[in-house]
Amino acid sequence: MTEIIDQIQNELRSGTLVNDPHGCAEYVAILSGEMSFYLAQMSEIEKKRPDEWLEMRNSGKYKSDTATDRAYKLTECGRGLDWYQNRIKRLVALLRGLKTLIRASELEINNLGR
C-alpha cells in the first residue's frame, strides 16, 4: 500500500489531480479502506494494552507510570501502535487534500451552471 500512498502524495504535490475529481474520489475510497484497516489493527492492540501495561507496571521494573509508558512504547505492540497512529495521520492529510480538490470541482461546476 505504500506505493499507492506515495503515488497519491506525489500526484497531489505535482498538481496532477487538480482537474481530476473522479480520480480524487477513487483515491478517497481506497484511502478510506486503508484507514479502516489501520483503525481495526489499532483497536486490536488497544484491547491488549491495559493488561500488558499493568503487568509491566506491577513487575517492579518501573518506578512510575511515565516510566512504564516509555517502556511500553518500546514493545512490539507499542511500536505498532505508534506506526499505525502515524500512518493514519498521513492518510488524514491525503484525504483532506483530495476532498478539497473534489469540493473545488463541485463549486466550479455549480458556478458554471448558473
# chains A, B, ... in the order shown; residues from 1 in each chain; ligands from 1
>>> closest_atom_pairs(of="segment 3-26 of chain A", to="segment 91-109 of chain A", cutoff="7 Å", atoms="only C-alpha atoms", output="Markdown table")
| residue | atom | partner | partner_atom | distance |
| --- | --- | --- | --- | --- |
| A:Gln9 | CA | A:Leu94 | CA | 6.8 |
| A:Val18 | CA | A:Leu101 | CA | 6.2 |
| A:Pro21 | CA | A:Ile102 | CA | 5.1 |
| A:Cys24 | CA | A:Leu98 | CA | 5.4 |
>>> write_last_selection(atoms="N, CA and C atoms", output="PDB file, in the first residue's frame")
ATOM      1  N   GLN A   9       0.408  11.027  -2.910  1.00  0.00           N
ATOM      2  CA  GLN A   9       1.175  12.161  -2.387  1.00  0.00           C
ATOM      3  C   GLN A   9       1.871  12.906  -3.518  1.00  0.00           C
ATOM      4  N   VAL A  18      -5.464  18.085  -9.812  1.00  0.00           N
ATOM      5  CA  VAL A  18      -6.260  19.310  -9.722  1.00  0.00           C
ATOM      6  C   VAL A  18      -7.510  19.252 -10.590  1.00  0.00           C
ATOM      7  N   PRO A  21     -11.446  15.216 -10.558  1.00  0.00           N
ATOM      8  CA  PRO A  21     -12.254  14.902  -9.381  1.00  0.00           C
ATOM      9  C   PRO A  21     -12.628  13.417  -9.297  1.00  0.00           C
ATOM     10  N   CYS A  24      -9.716  11.692  -7.844  1.00  0.00           N
ATOM     11  CA  CYS A  24      -9.659  12.027  -6.416  1.00  0.00           C
ATOM     12  C   CYS A  24     -10.657  11.179  -5.630  1.00  0.00           C
TER      13      CYS A  24
END
>>> residues_around(residues="Glu34 of chain A", least_positions_apart="5", cutoff="9 Å", atoms="only C-alpha atoms", output="number ranges by chain")
A: 1, 29, 39, 88, 91
>>> residues_around(residues="Ala71 of chain A", least_positions_apart="2", cutoff="10 Å", atoms="only C-alpha atoms", output="list in words")
Trp53, Met56, Arg57, Lys61, Tyr62, Asp65, Thr66, Ala67, Thr68, Asp69, Lys73, Leu74, Thr75 and Gly78 of chain A
>>> write_last_selection(atoms="C-alpha atoms", output="mmCIF file, in the first residue's frame")
data_model
loop_
_atom_site.group_PDB
_atom_site.id
_atom_site.type_symbol
_atom_site.label_atom_id
_atom_site.label_comp_id
_atom_site.auth_asym_id
_atom_site.auth_seq_id
_atom_site.Cartn_x
_atom_site.Cartn_y
_atom_site.Cartn_z
ATOM 1 C CA TRP A 53 0.772 -2.202 30.637
ATOM 2 C CA MET A 56 4.712 -4.187 33.170
ATOM 3 C CA ARG A 57 3.837 -1.660 35.889
ATOM 4 C CA LYS A 61 10.993 -2.767 36.957
ATOM 5 C CA TYR A 62 9.403 0.666 36.549
ATOM 6 C CA ASP A 65 3.527 5.339 35.278
ATOM 7 C CA THR A 66 5.600 7.563 32.998
ATOM 8 C CA ALA A 67 8.475 5.089 33.012
ATOM 9 C CA THR A 68 6.029 2.289 32.250
ATOM 10 C CA ASP A 69 4.543 4.317 29.385
ATOM 11 C CA LYS A 73 6.332 2.295 23.646
ATOM 12 C CA LEU A 74 9.435 0.159 23.132
ATOM 13 C CA THR A 75 7.474 -3.095 22.998
ATOM 14 C CA GLY A 78 3.802 -0.022 21.458
#
>>> closest_residue(among="A:Arg13, A:Arg49, A:Ile4, A:Leu54", to="Ile30 of chain A", atoms="only C-alpha atoms")
A:Ile4
>>> atom_distance(atom1="atom CA of His22 of chain A", atom2="atom CA of Glu3 of chain A")
19.8 Å
>>> atom_distance(atom1="atom CA of Lys48 of chain A", atom2="atom CA of Cys77 of chain A")
8.8 Å
>>> closest_residue(among="A:Gln85, A:Tyr72, A:Arg79, A:Ile8", to="Val28 of chain A", atoms="only C-alpha atoms")
A:Ile8
>>> atom_distance(atom1="atom CA of Asn58 of chain A", atom2="atom CA of Leu81 of chain A")
21.7 Å
